[in-house]
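Beneath this line is the structure, given in structure tokens, with notes to follow.
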Amino acid sequence: MSAELAAEGRAARRRRVGAARVAALVGATVFACWLPFQLGLGDVGLYDRMGLYALVAIGLTLLIGFAGQVSLGQGGFFLIGAYTSGLLTMGLDADARLVDPQAGIDPLLAVAIAPLVTAAIAVVIGIPLMRLRGHYLAFATLAFALIAWSLLYAQDGFTGGQYGVSVTKRLVVAGHEITGATHAAVVWGLVGLALLLSTNLVSSRVGRALQAIAANEPAAAASGINVALYKLQLFVFAAAMAGLAGGLFTFFAQFLGPEDFGIIVSLLFVVMVSIGGLGSVYGAVVGAVTIVYVEHKLRELGTHETLLGWDLPSTAPSILSLGVFGLLLIVIMLFFPHGLLPGVAGGIRSARNRVAGLRRSA
Amino acid sequence: MTTFFQFVVVGISTGSVFAIVGMSLVLVYRATGIVNFAQGVFAVLAGLLTYSFVQHMPLALAAVLATLATALVGTLVAVVAVGFRGRTTHLASLIITVGIAIFAEAVLLAAFGEVPRSYPAISDRAWEVGGVLIQPQYAVLALVALAAAFLLTLFLRRTIVGQALVAAADSPRAAELIGLNLRSIAVIAFAVAGALTAVGGVLLAPTVPVSYSSGLTITINGFAAAVFGGLVSIRLALLGGYALGVLQQLVVGYVDSQYSLIIALLVMLVLIGWRSRGELAV
Amino acid sequence: MTLLALEDVVIRYGQAVAVDGVSLAVGSGERVALIGPNGAGKTSVLNAACGVIRPAAGRVEIDGRVLTRATPAAVVRRGISQVPEGRHVFATLPVEANLLLGAYGRVFRLEIVSSTLRYLRSKRDVREQVERVYELLPKLRELRERPAGRTSGGEQQMVAIGRALMARPRLLAIDELSLGLAPVLVQSLAEFLVRLNEEEGVAILLVDQSATLAFSLCERAYVLETGRIVLDGASRDLEGRTEVRSAYLGRGPEDPA
């Protein structure tokens, strides 16, 4: 068989594998959208939150994995997306909100605007931000998230401050109310879409440029790739994802309050990404699901009267979550700096190699 | 006019804490290349420990014990943050310190509860100078910051241990080659920085009660002061701390108290932007 | 007596093999060179000898003791000091501080307090050693207060050598002595090293790209190419070999020496 035929054969096989992967992804997404209708009420909420956070994590993992930019501020974009869709829906004027049921715009429009707003903000702050590296970037993104959160309190007339804003309008699309299980289905449908887009991206010319940047930035720059532009694009994409997730979150919780958007949320997204592996979009989904589940279980645990014989204080849920997540971050960064899943997978692979080696020499 | 000076006086004292934390961050960064996100935790820990100890012993002893205990915790943080030689990058270390800060909040919450704690200041009788009230606590804080800057600079320039720390920053490779152990140097840097920040926390708590969640704002303010010094200058970190403290008080006094954190953050962002002009990589 | 011996040392970076079974030895009082082109693995070999890198296979023996997985600190204590490629002086510290740290590094143990006490107690010896170094390298005395980063390349090389000498090594390993320095300077440094070797008995291991320098300075040499020793022997003999002449000395087989 000539070299050309062999190469053609390989390309055809790759296309078949690619098509199979897409089919599998579509199948999984259909299943994920069907699942919420089979779950009990409490579980649907959990499932919905997993999907929303997964959207944010997908954007963040690409940003960290390919642009090398560790953002500690995705929670800020999540917040802005949520409040944009919520306040637009209920009416920007705080007094009007209370008296006029017609105030505000159509929820669907508000949800669509949310990612546009976050993307626009990301473009503006991204240009100076993407020049930063390492600790400066970490603190700058954290500062951004903190400023957004502080403004909630500082401008409490507009944002409802610590009391929040009740979102009484429902999201309606073509006559269907998007709440409960339907909402979760929509969210996971979007997750599937995001995964599809990302995998397409990776194999495209843009994806190759991103991989070149991730592998060796100066070399990529030297070969003519506009590194700064790609980094900015990833930053804006991650911000848009977070904004979209935030916008949808408003109609999941039907309430906007500062507690859902504290700094810990931004840090949780980093933990999710580090579980799944930097740059792995599927890993990001796994990370989001894991963290939401763990948080839920910890909260449950924390509401018990006693644990292992100790009386639990009312702050136990916080103690447990903060403790576990802090520890998780430390352990992952120490032992699996490229991400928990890749680290474990690598460990399994080398263990398998060792076993294979033993078998071969036997 | 007296109001203005009153604000300045209060600002210098709160700014002293920022300066102290900032200088501690500079010390750790210069010796190890790591930015310790958990630096503020040392201040909070020391304050809360002093609060506990003071129930059983005189304030001075409580303060000293709290500082020593915090320095010890600092050595633990050092070992964890430095990680594995060759495998743990500076960025990973930063994220580890983020994890430590979060974990510490959990521990502090469990140990001391939610309520901010405090204890009596050095003296309740304020001095009056030209219509401006100066609490002795403020004066002590400002002087301690000044003294710390002086001693720290002396330490780094004149003692062999301090010079070893600087050497580790100038060239970790050469430092290792001549026999210096980078991990030990990191431990010393974190311990000294921890002790210094602890002193700041002990002096702060009487005026601003501390609780498990105070650490983050303290770290951020300290980082802003450190960035003023480019993360490497002790003296500029001192100056930056004072300036930031005064600026914050002026905003709180004349504009709106809700904005004090936002001001600090914006200043930090501006300083970060200024300091990384022309820098392409870490 | 053999001060340093490498036996079948293999060094890997991930999957890539940088050094593939290298053996060499330096006896006390000898001047030995390790030459080869860029990327041959010379610095890796040196780093393995000095405990900076762990070899994937093979042995490193210092003074007859197996020290394959030793730390750089242990190697320094056993009498081998390295002058790294590119000097790496402590730029913000004055020259004298650079030297003193060389002595401090020698007594440095994991536990800082006892190390520092030990250092402070031996202050007189350290003082003497500094004076010896100033005698050997008088220029450094002039520069003692100057921040090391504000000295010229040649002066920095002297600082780095002086710093290494403060640990009272029996073997001085130098990586790329000639890098970025004017030939005249390199020549005087080479002369200094010969004097150091003959008068103080310090063995020299010179790792360099410049074969000319290596042959003029050292009696024996190893030639390293892509991770393997391809030739070794007395400099005199190696100089005459055609492969060496054309590859490293830039001369054809018929050109006069």
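Scheme for the structure tokens: letters A, B, ... for chains in order shown; per-chain residue numbers from 1; ligand numbers from 1 in order shown.
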*When DSSP works through the backbone of this structure, what residues of range 31-272 of chain B end up as strand (DSSP E), shown as number ranges by chain?*
B: 127-129, 132-134
Mind dumping the selected residues with N, CA and C atoms as a CSV table (one decimal), in the first residue's frame?
```csv
chain,number,residue,atom,x,y,z
B,127,TRP,N,-5.0,61.3,72.7
B,127,TRP,CA,-4.3,62.6,72.8
B,127,TRP,C,-4.9,63.6,71.9
B,128,GLU,N,-4.8,64.8,72.3
B,128,GLU,CA,-5.4,65.8,71.4
B,128,GLU,C,-4.3,66.8,70.9
B,129,VAL,N,-4.2,66.9,69.6
B,129,VAL,CA,-3.2,67.7,69.0
B,129,VAL,C,-3.9,68.6,68.0
B,132,VAL,N,-7.2,67.5,66.7
B,132,VAL,CA,-7.3,66.2,66.1
B,132,VAL,C,-7.0,65.2,67.2
B,133,LEU,N,-7.9,64.2,67.3
B,133,LEU,CA,-7.8,63.1,68.3
B,133,LEU,C,-6.9,62.0,67.8
B,134,ILE,N,-5.9,61.7,68.6
B,134,ILE,CA,-5.0,60.6,68.2
B,134,ILE,C,-5.0,59.5,69.2
```
_Using only C-alpha atoms and a distance of at most 10 Å, pull out the residues of chain C that contact chain B, as a VMD selection string._
chain C and resid 47 50 to 52 71 to 77 80 to 85 87 to 94 97 to 98 100 to 113 115 to 116 119 to 120 149 160 163 to 164 166 to 167
Any chance you could export the current selection's C-alpha atoms as a PDB file, in the first residue's frame?
```pdb
ATOM      1  CA  ASN C  47      24.404  19.218  36.774  1.00  0.00           C
ATOM      2  CA  CYS C  50      26.696  18.493  41.196  1.00  0.00           C
ATOM      3  CA  GLY C  51      23.397  17.078  42.385  1.00  0.00           C
ATOM      4  CA  VAL C  52      21.168  19.500  40.539  1.00  0.00           C
ATOM      5  CA  THR C  71      21.644  17.412  46.913  1.00  0.00           C
ATOM      6  CA  PRO C  72      23.796  20.250  45.614  1.00  0.00           C
ATOM      7  CA  ALA C  73      24.491  21.168  49.227  1.00  0.00           C
ATOM      8  CA  ALA C  74      25.943  17.731  49.960  1.00  0.00           C
ATOM      9  CA  VAL C  75      28.133  17.959  46.868  1.00  0.00           C
ATOM     10  CA  VAL C  76      29.462  21.320  47.978  1.00  0.00           C
ATOM     11  CA  ARG C  77      30.252  19.908  51.387  1.00  0.00           C
ATOM     12  CA  ILE C  80      32.965  20.206  44.529  1.00  0.00           C
ATOM     13  CA  SER C  81      31.869  23.730  43.617  1.00  0.00           C
ATOM     14  CA  GLN C  82      30.327  24.751  40.346  1.00  0.00           C
ATOM     15  CA  VAL C  83      30.606  28.062  38.547  1.00  0.00           C
ATOM     16  CA  PRO C  84      27.425  28.030  36.481  1.00  0.00           C
ATOM     17  CA  GLU C  85      27.015  29.005  32.863  1.00  0.00           C
ATOM     18  CA  ARG C  87      27.725  33.408  36.006  1.00  0.00           C
ATOM     19  CA  HIS C  88      24.499  33.953  37.936  1.00  0.00           C
ATOM     20  CA  VAL C  89      25.930  36.304  40.484  1.00  0.00           C
ATOM     21  CA  PHE C  90      23.601  37.685  43.129  1.00  0.00           C
ATOM     22  CA  ALA C  91      23.083  40.916  41.311  1.00  0.00           C
ATOM     23  CA  THR C  92      21.567  43.116  43.985  1.00  0.00           C
ATOM     24  CA  LEU C  93      24.079  42.145  46.651  1.00  0.00           C
ATOM     25  CA  PRO C  94      27.567  43.654  46.934  1.00  0.00           C
ATOM     26  CA  ALA C  97      28.240  39.558  50.209  1.00  0.00           C
ATOM     27  CA  ASN C  98      28.379  37.234  47.207  1.00  0.00           C
ATOM     28  CA  LEU C 100      30.431  35.480  52.088  1.00  0.00           C
ATOM     29  CA  LEU C 101      27.378  33.596  50.898  1.00  0.00           C
ATOM     30  CA  GLY C 102      29.688  31.116  49.266  1.00  0.00           C
ATOM     31  CA  ALA C 103      31.001  30.296  52.715  1.00  0.00           C
ATOM     32  CA  TYR C 104      27.538  30.344  54.273  1.00  0.00           C
ATOM     33  CA  GLY C 105      26.266  27.916  51.707  1.00  0.00           C
ATOM     34  CA  ARG C 106      28.906  25.434  52.749  1.00  0.00           C
ATOM     35  CA  VAL C 107      27.662  25.242  56.368  1.00  0.00           C
ATOM     36  CA  PHE C 108      24.015  25.573  55.481  1.00  0.00           C
ATOM     37  CA  ARG C 109      21.851  22.748  56.706  1.00  0.00           C
ATOM     38  CA  LEU C 110      18.131  22.250  56.599  1.00  0.00           C
ATOM     39  CA  GLU C 111      17.778  23.951  59.934  1.00  0.00           C
ATOM     40  CA  ILE C 112      18.632  27.594  59.559  1.00  0.00           C
ATOM     41  CA  VAL C 113      19.236  28.563  63.165  1.00  0.00           C
ATOM     42  CA  SER C 115      23.523  26.768  60.344  1.00  0.00           C
ATOM     43  CA  THR C 116      23.669  30.477  61.040  1.00  0.00           C
ATOM     44  CA  TYR C 119      28.594  30.329  60.348  1.00  0.00           C
ATOM     45  CA  LEU C 120      28.839  33.122  62.883  1.00  0.00           C
ATOM     46  CA  GLY C 149      25.053  43.159  38.945  1.00  0.00           C
ATOM     47  CA  ALA C 160      31.313  33.679  40.527  1.00  0.00           C
ATOM     48  CA  ARG C 163      32.136  32.678  45.417  1.00  0.00           C
ATOM     49  CA  ALA C 164      32.784  29.068  44.497  1.00  0.00           C
ATOM     50  CA  MET C 166      34.830  30.366  49.349  1.00  0.00           C
ATOM     51  CA  ALA C 167      33.599  26.853  49.916  1.00  0.00           C
TER      52      ALA C 167
END
```
Dump as a tab-separated table the rows for residues of chain A within 6 Å of chain B: closest atom pair and distance in Å with one decimal, only C-alpha atoms counted, ordered by chain and rising residue number.
```
residue	atom	partner	partner_atom	distance
A:Arg133	CA	B:Val282	CA	5.4
A:Gly134	CA	B:Leu91	CA	5.8
A:Ala143	CA	B:Leu265	CA	5.7
A:Ile147	CA	B:Ile262	CA	5.6
A:Ala154	CA	B:Gln258	CA	5.3
A:Ile319	CA	B:Ala106	CA	4.5
A:Leu322	CA	B:Ala106	CA	5.3
A:Gly323	CA	B:Phe103	CA	4.6
A:Gly326	CA	B:Gly99	CA	4.2
A:Leu329	CA	B:Gly99	CA	5.2
A:Ile330	CA	B:Ile96	CA	4.8
A:Met333	CA	B:Ala92	CA	5.9
```
*Residues at most 12 Å from range 274-278 of chain A, counting only C-alpha atoms, excluding those fewer than 2 positions away in the same chain, as a VMD selection string?*
(chain A and resid 54 57 to 70 214 267 to 272 280 to 291 325 328 to 346) or (chain B and resid 92 95 to 96)
Report as a PDB file with C-alpha atoms, in the first residue's frame: the residues of range 84-326 of chain A with a DSSP assignment of alpha helix (DSSP H), based on the backbone of this structure.
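Result file follows (out32.pdb):
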```pdb
ATOM      1  CA  THR A  84     -28.456  42.180  33.705  1.00  0.00           C
ATOM      2  CA  SER A  85     -31.158  39.726  32.771  1.00  0.00           C
ATOM      3  CA  GLY A  86     -32.941  40.145  36.106  1.00  0.00           C
ATOM      4  CA  LEU A  87     -32.955  43.928  36.249  1.00  0.00           C
ATOM      5  CA  LEU A  88     -33.825  44.304  32.580  1.00  0.00           C
ATOM      6  CA  THR A  89     -36.714  41.925  33.085  1.00  0.00           C
ATOM      7  CA  MET A  90     -38.063  43.593  36.194  1.00  0.00           C
ATOM      8  CA  ALA A  94     -36.208  50.497  41.236  1.00  0.00           C
ATOM      9  CA  ASP A  95     -39.423  52.274  42.105  1.00  0.00           C
ATOM     10  CA  ALA A  96     -41.129  51.230  38.884  1.00  0.00           C
ATOM     11  CA  ARG A  97     -40.272  47.648  39.729  1.00  0.00           C
ATOM     12  CA  LEU A  98     -42.426  47.818  42.797  1.00  0.00           C
ATOM     13  CA  VAL A  99     -45.521  49.352  41.262  1.00  0.00           C
ATOM     14  CA  PRO A 107     -37.279  37.896  29.689  1.00  0.00           C
ATOM     15  CA  LEU A 108     -36.087  36.095  26.601  1.00  0.00           C
ATOM     16  CA  LEU A 109     -34.607  39.306  25.272  1.00  0.00           C
ATOM     17  CA  ALA A 110     -33.043  40.010  28.650  1.00  0.00           C
ATOM     18  CA  VAL A 111     -31.417  36.586  28.715  1.00  0.00           C
ATOM     19  CA  ALA A 112     -30.076  37.148  25.219  1.00  0.00           C
ATOM     20  CA  ILE A 113     -28.669  40.529  26.184  1.00  0.00           C
ATOM     21  CA  ALA A 114     -26.863  39.224  29.266  1.00  0.00           C
ATOM     22  CA  PRO A 115     -23.982  37.492  27.442  1.00  0.00           C
ATOM     23  CA  LEU A 116     -23.684  40.453  25.087  1.00  0.00           C
ATOM     24  CA  VAL A 117     -23.224  42.808  28.021  1.00  0.00           C
ATOM     25  CA  THR A 118     -20.618  40.609  29.689  1.00  0.00           C
ATOM     26  CA  ALA A 119     -18.820  40.146  26.393  1.00  0.00           C
ATOM     27  CA  ALA A 120     -18.714  43.897  25.868  1.00  0.00           C
ATOM     28  CA  ILE A 121     -17.316  44.454  29.342  1.00  0.00           C
ATOM     29  CA  ALA A 122     -14.816  41.698  28.734  1.00  0.00           C
ATOM     30  CA  VAL A 123     -13.579  43.389  25.588  1.00  0.00           C
ATOM     31  CA  VAL A 124     -13.034  46.643  27.428  1.00  0.00           C
ATOM     32  CA  ILE A 125     -11.253  45.241  30.471  1.00  0.00           C
ATOM     33  CA  GLY A 126      -9.705  42.385  28.557  1.00  0.00           C
ATOM     34  CA  ILE A 127      -7.397  44.543  26.522  1.00  0.00           C
ATOM     35  CA  PRO A 128      -5.356  45.721  29.506  1.00  0.00           C
ATOM     36  CA  LEU A 129      -5.953  42.504  31.465  1.00  0.00           C
ATOM     37  CA  GLY A 134       0.458  35.176  36.872  1.00  0.00           C
ATOM     38  CA  HIS A 135      -0.159  36.881  40.182  1.00  0.00           C
ATOM     39  CA  TYR A 136      -1.040  40.274  38.701  1.00  0.00           C
ATOM     40  CA  LEU A 137      -3.736  38.721  36.550  1.00  0.00           C
ATOM     41  CA  ALA A 138      -5.074  36.663  39.428  1.00  0.00           C
ATOM     42  CA  PHE A 139      -5.440  39.698  41.684  1.00  0.00           C
ATOM     43  CA  ALA A 140      -6.775  41.890  38.898  1.00  0.00           C
ATOM     44  CA  THR A 141      -9.525  39.432  37.951  1.00  0.00           C
ATOM     45  CA  LEU A 142     -10.327  38.914  41.617  1.00  0.00           C
ATOM     46  CA  ALA A 143     -10.540  42.673  42.030  1.00  0.00           C
ATOM     47  CA  PHE A 144     -12.972  42.834  39.125  1.00  0.00           C
ATOM     48  CA  ALA A 145     -15.250  40.224  40.690  1.00  0.00           C
ATOM     49  CA  LEU A 146     -15.042  41.928  44.076  1.00  0.00           C
ATOM     50  CA  ILE A 147     -15.825  45.328  42.600  1.00  0.00           C
ATOM     51  CA  ALA A 148     -18.890  43.919  40.863  1.00  0.00           C
ATOM     52  CA  TRP A 149     -20.039  42.309  44.084  1.00  0.00           C
ATOM     53  CA  SER A 150     -19.316  45.403  46.184  1.00  0.00           C
ATOM     54  CA  LEU A 151     -21.305  47.528  43.767  1.00  0.00           C
ATOM     55  CA  LEU A 152     -24.322  45.365  44.531  1.00  0.00           C
ATOM     56  CA  TYR A 153     -24.222  46.742  48.047  1.00  0.00           C
ATOM     57  CA  ALA A 154     -22.965  50.207  47.208  1.00  0.00           C
ATOM     58  CA  ASP A 156     -28.329  49.054  46.602  1.00  0.00           C
ATOM     59  CA  GLY A 157     -31.032  51.362  45.410  1.00  0.00           C
ATOM     60  CA  PHE A 158     -30.558  50.045  41.925  1.00  0.00           C
ATOM     61  CA  THR A 159     -29.604  46.472  42.673  1.00  0.00           C
ATOM     62  CA  GLY A 180     -38.146  23.553  36.521  1.00  0.00           C
ATOM     63  CA  ALA A 181     -37.277  20.515  34.439  1.00  0.00           C
ATOM     64  CA  THR A 182     -37.711  22.409  31.177  1.00  0.00           C
ATOM     65  CA  HIS A 183     -35.204  24.980  32.318  1.00  0.00           C
ATOM     66  CA  ALA A 184     -32.718  22.271  33.221  1.00  0.00           C
ATOM     67  CA  ALA A 185     -33.217  20.634  29.854  1.00  0.00           C
ATOM     68  CA  VAL A 186     -32.551  23.903  28.059  1.00  0.00           C
ATOM     69  CA  VAL A 187     -29.412  24.467  30.102  1.00  0.00           C
ATOM     70  CA  TRP A 188     -28.013  21.034  29.388  1.00  0.00           C
ATOM     71  CA  GLY A 189     -28.918  21.422  25.742  1.00  0.00           C
ATOM     72  CA  LEU A 190     -26.738  24.500  25.734  1.00  0.00           C
ATOM     73  CA  VAL A 191     -23.967  22.565  27.492  1.00  0.00           C
ATOM     74  CA  GLY A 192     -24.088  19.993  24.723  1.00  0.00           C
ATOM     75  CA  LEU A 193     -23.971  22.748  22.146  1.00  0.00           C
ATOM     76  CA  ALA A 194     -21.002  24.364  23.857  1.00  0.00           C
ATOM     77  CA  LEU A 195     -19.170  21.033  23.914  1.00  0.00           C
ATOM     78  CA  LEU A 196     -19.889  20.506  20.242  1.00  0.00           C
ATOM     79  CA  LEU A 197     -18.626  23.964  19.356  1.00  0.00           C
ATOM     80  CA  SER A 198     -15.525  23.500  21.479  1.00  0.00           C
ATOM     81  CA  THR A 199     -14.557  20.186  19.960  1.00  0.00           C
ATOM     82  CA  ASN A 200     -15.078  21.655  16.500  1.00  0.00           C
ATOM     83  CA  LEU A 201     -12.949  24.571  17.532  1.00  0.00           C
ATOM     84  CA  VAL A 202     -10.084  22.395  18.666  1.00  0.00           C
ATOM     85  CA  SER A 203      -9.703  20.720  15.301  1.00  0.00           C
ATOM     86  CA  ARG A 205      -7.359  26.361  12.294  1.00  0.00           C
ATOM     87  CA  VAL A 206      -8.214  28.472  15.319  1.00  0.00           C
ATOM     88  CA  GLY A 207      -7.828  25.437  17.527  1.00  0.00           C
ATOM     89  CA  ARG A 208      -4.411  24.657  16.103  1.00  0.00           C
ATOM     90  CA  ALA A 209      -3.308  28.216  16.723  1.00  0.00           C
ATOM     91  CA  LEU A 210      -4.553  27.923  20.305  1.00  0.00           C
ATOM     92  CA  GLN A 211      -2.665  24.700  20.810  1.00  0.00           C
ATOM     93  CA  ALA A 212       0.478  26.312  19.459  1.00  0.00           C
ATOM     94  CA  ILE A 213       0.045  29.135  21.935  1.00  0.00           C
ATOM     95  CA  ALA A 214      -0.539  26.710  24.771  1.00  0.00           C
ATOM     96  CA  ALA A 215       2.543  24.685  23.899  1.00  0.00           C
ATOM     97  CA  GLU A 217       3.837  31.076  23.452  1.00  0.00           C
ATOM     98  CA  PRO A 218       6.945  32.890  22.236  1.00  0.00           C
ATOM     99  CA  ALA A 219       7.372  30.404  19.419  1.00  0.00           C
ATOM    100  CA  ALA A 220       3.745  30.827  18.408  1.00  0.00           C
ATOM    101  CA  ALA A 221       4.132  34.596  18.429  1.00  0.00           C
ATOM    102  CA  ALA A 222       7.278  34.322  16.357  1.00  0.00           C
ATOM    103  CA  VAL A 227      -1.319  35.786  20.513  1.00  0.00           C
ATOM    104  CA  ALA A 228      -2.841  38.836  22.158  1.00  0.00           C
ATOM    105  CA  LEU A 229      -5.886  38.667  19.933  1.00  0.00           C
ATOM    106  CA  TYR A 230      -6.492  34.981  20.617  1.00  0.00           C
ATOM    107  CA  LYS A 231      -6.157  35.507  24.342  1.00  0.00           C
ATOM    108  CA  LEU A 232      -8.644  38.324  24.226  1.00  0.00           C
ATOM    109  CA  GLN A 233     -11.059  36.192  22.212  1.00  0.00           C
ATOM    110  CA  LEU A 234     -10.856  33.392  24.765  1.00  0.00           C
ATOM    111  CA  PHE A 235     -11.360  35.867  27.592  1.00  0.00           C
ATOM    112  CA  VAL A 236     -14.427  37.325  25.906  1.00  0.00           C
ATOM    113  CA  PHE A 237     -15.754  33.844  25.165  1.00  0.00           C
ATOM    114  CA  ALA A 238     -15.347  32.776  28.775  1.00  0.00           C
ATOM    115  CA  ALA A 239     -17.056  35.981  29.893  1.00  0.00           C
ATOM    116  CA  ALA A 240     -19.939  35.440  27.483  1.00  0.00           C
ATOM    117  CA  MET A 241     -20.416  31.875  28.717  1.00  0.00           C
ATOM    118  CA  ALA A 242     -20.462  33.085  32.299  1.00  0.00           C
ATOM    119  CA  GLY A 243     -22.866  35.870  31.350  1.00  0.00           C
ATOM    120  CA  LEU A 244     -25.191  33.454  29.576  1.00  0.00           C
ATOM    121  CA  ALA A 245     -25.136  31.107  32.530  1.00  0.00           C
ATOM    122  CA  GLY A 246     -25.844  34.025  34.852  1.00  0.00           C
ATOM    123  CA  GLY A 247     -28.674  35.243  32.671  1.00  0.00           C
ATOM    124  CA  LEU A 248     -30.287  31.811  32.771  1.00  0.00           C
ATOM    125  CA  PHE A 249     -29.596  31.474  36.491  1.00  0.00           C
ATOM    126  CA  THR A 250     -31.986  34.357  37.135  1.00  0.00           C
ATOM    127  CA  PHE A 251     -34.860  32.284  35.820  1.00  0.00           C
ATOM    128  CA  PHE A 252     -33.736  29.247  37.735  1.00  0.00           C
ATOM    129  CA  ALA A 253     -33.673  30.946  41.108  1.00  0.00           C
ATOM    130  CA  ILE A 263     -16.026  35.541  45.863  1.00  0.00           C
ATOM    131  CA  ILE A 264     -16.162  31.881  46.739  1.00  0.00           C
ATOM    132  CA  VAL A 265     -18.130  31.274  43.537  1.00  0.00           C
ATOM    133  CA  SER A 266     -15.257  32.568  41.422  1.00  0.00           C
ATOM    134  CA  LEU A 267     -12.864  30.342  43.283  1.00  0.00           C
ATOM    135  CA  LEU A 268     -15.180  27.355  42.910  1.00  0.00           C
ATOM    136  CA  PHE A 269     -15.004  27.689  39.157  1.00  0.00           C
ATOM    137  CA  VAL A 270     -11.237  27.375  39.394  1.00  0.00           C
ATOM    138  CA  VAL A 271     -11.605  24.258  41.518  1.00  0.00           C
ATOM    139  CA  MET A 272     -13.982  22.778  38.921  1.00  0.00           C
ATOM    140  CA  VAL A 273     -11.547  23.413  36.129  1.00  0.00           C
ATOM    141  CA  SER A 274      -8.649  21.982  38.082  1.00  0.00           C
ATOM    142  CA  ILE A 275     -10.593  18.820  38.747  1.00  0.00           C
ATOM    143  CA  GLY A 276     -11.409  18.271  35.126  1.00  0.00           C
ATOM    144  CA  VAL A 281     -14.092  20.898  28.183  1.00  0.00           C
ATOM    145  CA  TYR A 282     -15.469  17.499  29.111  1.00  0.00           C
ATOM    146  CA  GLY A 283     -13.410  17.648  32.256  1.00  0.00           C
ATOM    147  CA  ALA A 284     -14.958  21.025  33.014  1.00  0.00           C
ATOM    148  CA  VAL A 285     -18.404  19.458  32.939  1.00  0.00           C
ATOM    149  CA  VAL A 286     -17.225  16.665  35.231  1.00  0.00           C
ATOM    150  CA  GLY A 287     -15.723  19.243  37.559  1.00  0.00           C
ATOM    151  CA  ALA A 288     -18.919  21.287  37.714  1.00  0.00           C
ATOM    152  CA  VAL A 289     -21.073  18.248  38.391  1.00  0.00           C
ATOM    153  CA  THR A 290     -18.683  17.046  41.094  1.00  0.00           C
ATOM    154  CA  ILE A 291     -18.434  20.341  42.907  1.00  0.00           C
ATOM    155  CA  VAL A 292     -22.174  21.037  42.920  1.00  0.00           C
ATOM    156  CA  TYR A 293     -22.808  17.535  44.196  1.00  0.00           C
ATOM    157  CA  VAL A 294     -20.135  17.747  46.870  1.00  0.00           C
ATOM    158  CA  GLU A 295     -21.389  21.133  47.989  1.00  0.00           C
ATOM    159  CA  HIS A 296     -24.908  19.773  48.243  1.00  0.00           C
ATOM    160  CA  LYS A 297     -23.800  16.793  50.288  1.00  0.00           C
ATOM    161  CA  LEU A 298     -21.710  18.956  52.577  1.00  0.00           C
ATOM    162  CA  ARG A 299     -24.620  21.271  53.152  1.00  0.00           C
ATOM    163  CA  GLU A 300     -26.792  18.303  54.023  1.00  0.00           C
ATOM    164  CA  LEU A 301     -24.137  17.014  56.365  1.00  0.00           C
ATOM    165  CA  GLY A 302     -23.788  20.406  57.947  1.00  0.00           C
ATOM    166  CA  ALA A 316     -21.290  23.993  60.025  1.00  0.00           C
ATOM    167  CA  PRO A 317     -22.339  23.977  56.362  1.00  0.00           C
ATOM    168  CA  SER A 318     -20.013  26.883  55.635  1.00  0.00           C
ATOM    169  CA  ILE A 319     -17.208  25.357  57.634  1.00  0.00           C
ATOM    170  CA  LEU A 320     -17.492  22.096  55.781  1.00  0.00           C
ATOM    171  CA  SER A 321     -17.705  23.592  52.298  1.00  0.00           C
ATOM    172  CA  LEU A 322     -14.896  26.073  52.826  1.00  0.00           C
ATOM    173  CA  GLY A 323     -12.756  23.428  54.427  1.00  0.00           C
ATOM    174  CA  VAL A 324     -13.291  20.812  51.764  1.00  0.00           C
ATOM    175  CA  PHE A 325     -12.902  23.164  48.833  1.00  0.00           C
ATOM    176  CA  GLY A 326      -9.808  24.806  50.249  1.00  0.00           C
TER     177      GLY A 326
END
```
*asked:* Need to verify the contact set: Val186 in chain C, 12 Å, only C-alpha atoms, exclusion of same-chain residues closer than 2 positions in sequence. Can you return it as a VMD selection string?
replied: chain C and resid 153 to 155 157 to 158 176 to 184 188 to 193 208 210 212 to 214 216 to 217
*asked:* Show me, as a ChimeraX atom specification, the residues that have an atom within 12 Å of range 68-76 of chain B when counting only C-alpha atoms, minus same-chain residues fewer than 3 positions from it.
replied: /B:24,28,36,38-50,53,61-65,79-83,97,100,104,183-202
